[in-house]
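Colleague: Mind looking over this structure? Questions follow.
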Amino acid sequence: MKNIIALVCLLTIGTVGFAQVDQYSEDVKTCIKSNGTMTYYEGVVDQMFTMLEEQFASQEVPAAVWTELKKEKPNAMGTLAQMVVSAYRAHFTHKDVKNMNALYTTTAGKNMFKPEALTEGDKIILTEFYKSDTGQKIVSSQDSMNASMGDISVLWSGDLYKSMIAKLSEKGFDL
């Protein structure tokens, strides 16, 4: 009987823990969509395909092959998002991420990436946010987060590039 109760407790704790981890990941994904991170990296992928098309121009790769390869973009973006979640997890609590998301839903949060659109009221809201515990954590972890994001960027983009080169090679196209 004790074993059954222990198993039920373990499963309950594991399920609750998994749900919290999953919600953390989803909240970080919302955050990185709101703060422009994902849009930036979508542009990186598009530039990579432009570069690949130029590199393989002499191979006359059919448009259908490029279309097929570009279908990998959502998977690549999902992989990137998970990598970024890991970086956030090392720096921010779930409450911090929720606070960031709350900021990004405000006019000030939306305008913070467009300095010309910031009103005096927006500036006051942003100043107050950066005085908060979450804001201070963002400021104090900026160098470490930038280093993590740099490492993620290099690893992720390198893997994606190699994967696309391999797929082109499988189809008979080589540099």
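Within each chain, counting starts at residue 1; across the structure tokens, chains are named A, B, ... in the order shown, with ligands numbered 1 upward in that order.
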In stretch 16-118 of chain A, what's helix (DSSP H, G or I) per DSSP? Answer as a VMD selection string?
Modeller: chain A and resid 16 to 34 37 to 55 57 to 59 63 to 70 73 to 91 94 to 104 107 to 111 115 to 117
Colleague: Applying 9 Å and only C-alpha atoms, which residues near stretch 59-63 of chain A remain after dropping the ones on its own chain fewer than 5 positions away? List them as a PDB file with all heavy atoms, in the first residue's frame.
Modeller:
ATOM      1  N   GLU A  53      21.311  29.943 -51.946  1.00  0.00           N
ATOM      2  CA  GLU A  53      20.894  30.013 -53.347  1.00  0.00           C
ATOM      3  C   GLU A  53      21.987  30.641 -54.207  1.00  0.00           C
ATOM      4  O   GLU A  53      22.224  30.206 -55.337  1.00  0.00           O
ATOM      5  CB  GLU A  53      19.582  30.780 -53.468  1.00  0.00           C
ATOM      6  CG  GLU A  53      18.393  29.976 -52.944  1.00  0.00           C
ATOM      7  CD  GLU A  53      17.071  30.735 -52.997  1.00  0.00           C
ATOM      8  OE1 GLU A  53      16.923  31.645 -53.840  1.00  0.00           O
ATOM      9  OE2 GLU A  53      16.188  30.406 -52.187  1.00  0.00           O
ATOM     10  N   GLU A  68      11.117  22.965 -50.754  1.00  0.00           N
ATOM     11  CA  GLU A  68      11.139  21.839 -49.812  1.00  0.00           C
ATOM     12  C   GLU A  68      12.061  22.135 -48.626  1.00  0.00           C
ATOM     13  O   GLU A  68      11.700  21.901 -47.479  1.00  0.00           O
ATOM     14  CB  GLU A  68      11.605  20.578 -50.537  1.00  0.00           C
ATOM     15  CG  GLU A  68      11.678  19.351 -49.653  1.00  0.00           C
ATOM     16  CD  GLU A  68      12.254  18.154 -50.382  1.00  0.00           C
ATOM     17  OE1 GLU A  68      12.150  18.074 -51.625  1.00  0.00           O
ATOM     18  OE2 GLU A  68      12.832  17.293 -49.691  1.00  0.00           O
ATOM     19  N   LEU A 168      21.034  19.226 -49.459  1.00  0.00           N
ATOM     20  CA  LEU A 168      21.334  19.535 -50.870  1.00  0.00           C
ATOM     21  C   LEU A 168      22.255  18.468 -51.457  1.00  0.00           C
ATOM     22  O   LEU A 168      22.066  18.018 -52.589  1.00  0.00           O
ATOM     23  CB  LEU A 168      21.960  20.919 -50.998  1.00  0.00           C
ATOM     24  CG  LEU A 168      20.981  22.086 -50.851  1.00  0.00           C
ATOM     25  CD1 LEU A 168      21.719  23.394 -50.575  1.00  0.00           C
ATOM     26  CD2 LEU A 168      20.116  22.218 -52.106  1.00  0.00           C
ATOM     27  N   PHE A 173      23.452  17.912 -55.154  1.00  0.00           N
ATOM     28  CA  PHE A 173      23.981  19.253 -55.360  1.00  0.00           C
ATOM     29  C   PHE A 173      25.115  19.499 -54.364  1.00  0.00           C
ATOM     30  O   PHE A 173      24.925  19.395 -53.162  1.00  0.00           O
ATOM     31  CB  PHE A 173      22.885  20.320 -55.186  1.00  0.00           C
ATOM     32  CG  PHE A 173      21.720  20.105 -56.086  1.00  0.00           C
ATOM     33  CD1 PHE A 173      20.528  19.569 -55.590  1.00  0.00           C
ATOM     34  CD2 PHE A 173      21.789  20.416 -57.430  1.00  0.00           C
ATOM     35  CE1 PHE A 173      19.433  19.367 -56.418  1.00  0.00           C
ATOM     36  CE2 PHE A 173      20.699  20.204 -58.273  1.00  0.00           C
ATOM     37  CZ  PHE A 173      19.519  19.682 -57.763  1.00  0.00           C
ATOM     38  N   ASP A 174      26.298  19.792 -54.889  1.00  0.00           N
ATOM     39  CA  ASP A 174      27.461  20.031 -54.028  1.00  0.00           C
ATOM     40  C   ASP A 174      28.104  21.358 -54.379  1.00  0.00           C
ATOM     41  O   ASP A 174      28.040  21.811 -55.513  1.00  0.00           O
ATOM     42  CB  ASP A 174      28.478  18.892 -54.195  1.00  0.00           C
ATOM     43  CG  ASP A 174      27.926  17.568 -53.682  1.00  0.00           C
ATOM     44  OD1 ASP A 174      27.503  17.518 -52.521  1.00  0.00           O
ATOM     45  OD2 ASP A 174      27.923  16.588 -54.469  1.00  0.00           O
ATOM     46  N   LEU A 175      28.735  21.931 -53.375  1.00  0.00           N
ATOM     47  CA  LEU A 175      29.454  23.197 -53.595  1.00  0.00           C
ATOM     48  C   LEU A 175      30.640  22.985 -54.502  1.00  0.00           C
ATOM     49  O   LEU A 175      31.274  22.010 -54.541  1.00  0.00           O
ATOM     50  CB  LEU A 175      29.936  23.794 -52.270  1.00  0.00           C
ATOM     51  CG  LEU A 175      28.851  24.469 -51.451  1.00  0.00           C
ATOM     52  CD1 LEU A 175      29.415  24.905 -50.095  1.00  0.00           C
ATOM     53  CD2 LEU A 175      28.285  25.672 -52.166  1.00  0.00           C
TER      54      LEU A 175
END
Colleague: With only C-alpha atoms counted and 9 Å as the cut-off, give the residues of stretch 64-139 of chain A in contact with stretch 37-40 of chain A, each with its shortest interatomic distance in Å and the pair that gives it, as JSON lines.
Modeller:
{"residue": "A:Met77", "atom": "CA", "partner": "A:Met38", "partner_atom": "CA", "distance": 7.5}
{"residue": "A:Leu80", "atom": "CA", "partner": "A:Met38", "partner_atom": "CA", "distance": 8.6}
{"residue": "A:Ala81", "atom": "CA", "partner": "A:Met38", "partner_atom": "CA", "distance": 7.8}
Colleague: Can you write just those residues out, C-alpha atoms, as a PDB file, in the first residue's frame?
Modeller:
ATOM      1  CA  MET A  77      12.691  28.077 -35.225  1.00  0.00           C
ATOM      2  CA  LEU A  80      16.016  27.808 -31.495  1.00  0.00           C
ATOM      3  CA  ALA A  81      13.136  28.637 -29.161  1.00  0.00           C
TER       4      ALA A  81
END
Colleague: If you count only C-alpha atoms, which residues fall within 10 Å of stretch 153-167 of chain A, apart from same-chain ones fewer than 3 positions away, as a ChimeraX atom specification?
Modeller: /A:41,44-45,48-49,52,56,65-66,69-70,72-73,76-77,79-80,83-84,147-150,170-175
Colleague: Under the rule that only C-alpha atoms are counted, which of A:Pro74, A:Ser141, A:Gly36, A:Ala108 is the nearest residue to A:Glu128?
Modeller: A:Ala108
Colleague: Can you tell me which residues surround A:Asn101 at a distance of at most 12 Å, considering only C-alpha atoms, apart from same-chain residues fewer than 4 positions away, and format the answer as a ChimeraX atom specification?
Modeller: /A:24,26-35,94-97,105-106,109-110,129,134
Colleague: Next, the residues of the selection above should be written as a short mmCIF file (atom, residue, chain, number, x, y, z; two decimals), in the first residue's frame with N, CA and C atoms.
Modeller:
data_model
loop_
_atom_site.label_atom_id
_atom_site.label_comp_id
_atom_site.auth_asym_id
_atom_site.auth_seq_id
_atom_site.Cartn_x
_atom_site.Cartn_y
_atom_site.Cartn_z
N TYR A 24 6.44 27.29 -18.38
CA TYR A 24 7.59 28.19 -18.42
C TYR A 24 8.08 28.34 -19.86
N GLU A 26 6.45 27.80 -22.65
CA GLU A 26 5.47 28.53 -23.46
C GLU A 26 5.53 30.02 -23.17
N ASP A 27 5.71 30.38 -21.91
CA ASP A 27 5.79 31.80 -21.55
C ASP A 27 7.06 32.45 -22.10
N VAL A 28 8.17 31.72 -22.09
CA VAL A 28 9.40 32.26 -22.69
C VAL A 28 9.21 32.43 -24.19
N LYS A 29 8.56 31.47 -24.83
CA LYS A 29 8.32 31.57 -26.28
C LYS A 29 7.46 32.80 -26.59
N THR A 30 6.48 33.07 -25.75
CA THR A 30 5.67 34.29 -25.92
C THR A 30 6.56 35.51 -25.78
N CYS A 31 7.42 35.48 -24.78
CA CYS A 31 8.32 36.60 -24.50
C CYS A 31 9.25 36.88 -25.68
N ILE A 32 9.84 35.83 -26.24
CA ILE A 32 10.81 36.05 -27.32
C ILE A 32 10.13 36.38 -28.65
N LYS A 33 8.85 36.09 -28.74
CA LYS A 33 8.09 36.58 -29.90
C LYS A 33 7.82 38.07 -29.71
N SER A 34 7.43 38.43 -28.50
CA SER A 34 7.08 39.83 -28.21
C SER A 34 8.28 40.76 -28.28
N ASN A 35 9.45 40.28 -27.86
CA ASN A 35 10.61 41.18 -27.82
C ASN A 35 11.41 41.20 -29.12
N HIS A 94 10.13 31.93 -13.45
CA HIS A 94 8.88 31.99 -14.20
C HIS A 94 8.17 33.32 -13.93
N LYS A 95 8.23 33.78 -12.70
CA LYS A 95 7.62 35.06 -12.36
C LYS A 95 8.27 36.20 -13.16
N ASP A 96 9.58 36.16 -13.31
CA ASP A 96 10.28 37.17 -14.12
C ASP A 96 9.75 37.18 -15.55
N VAL A 97 9.62 35.98 -16.13
CA VAL A 97 9.15 35.87 -17.52
C VAL A 97 7.72 36.41 -17.62
N THR A 105 2.87 43.49 -23.21
CA THR A 105 1.49 43.68 -23.65
C THR A 105 1.04 45.14 -23.51
N THR A 106 1.82 45.96 -22.81
CA THR A 106 1.46 47.37 -22.65
C THR A 106 1.93 48.17 -23.85
N GLY A 109 5.57 48.74 -23.51
CA GLY A 109 6.34 47.55 -23.87
C GLY A 109 6.42 47.36 -25.36
N LYS A 110 5.35 47.67 -26.05
CA LYS A 110 5.35 47.55 -27.51
C LYS A 110 6.19 48.65 -28.16
N PHE A 129 9.67 49.86 -14.54
CA PHE A 129 9.88 48.43 -14.74
C PHE A 129 11.34 48.06 -14.47
N THR A 134 12.60 42.27 -11.41
CA THR A 134 12.78 41.67 -12.73
C THR A 134 13.63 42.57 -13.62
#
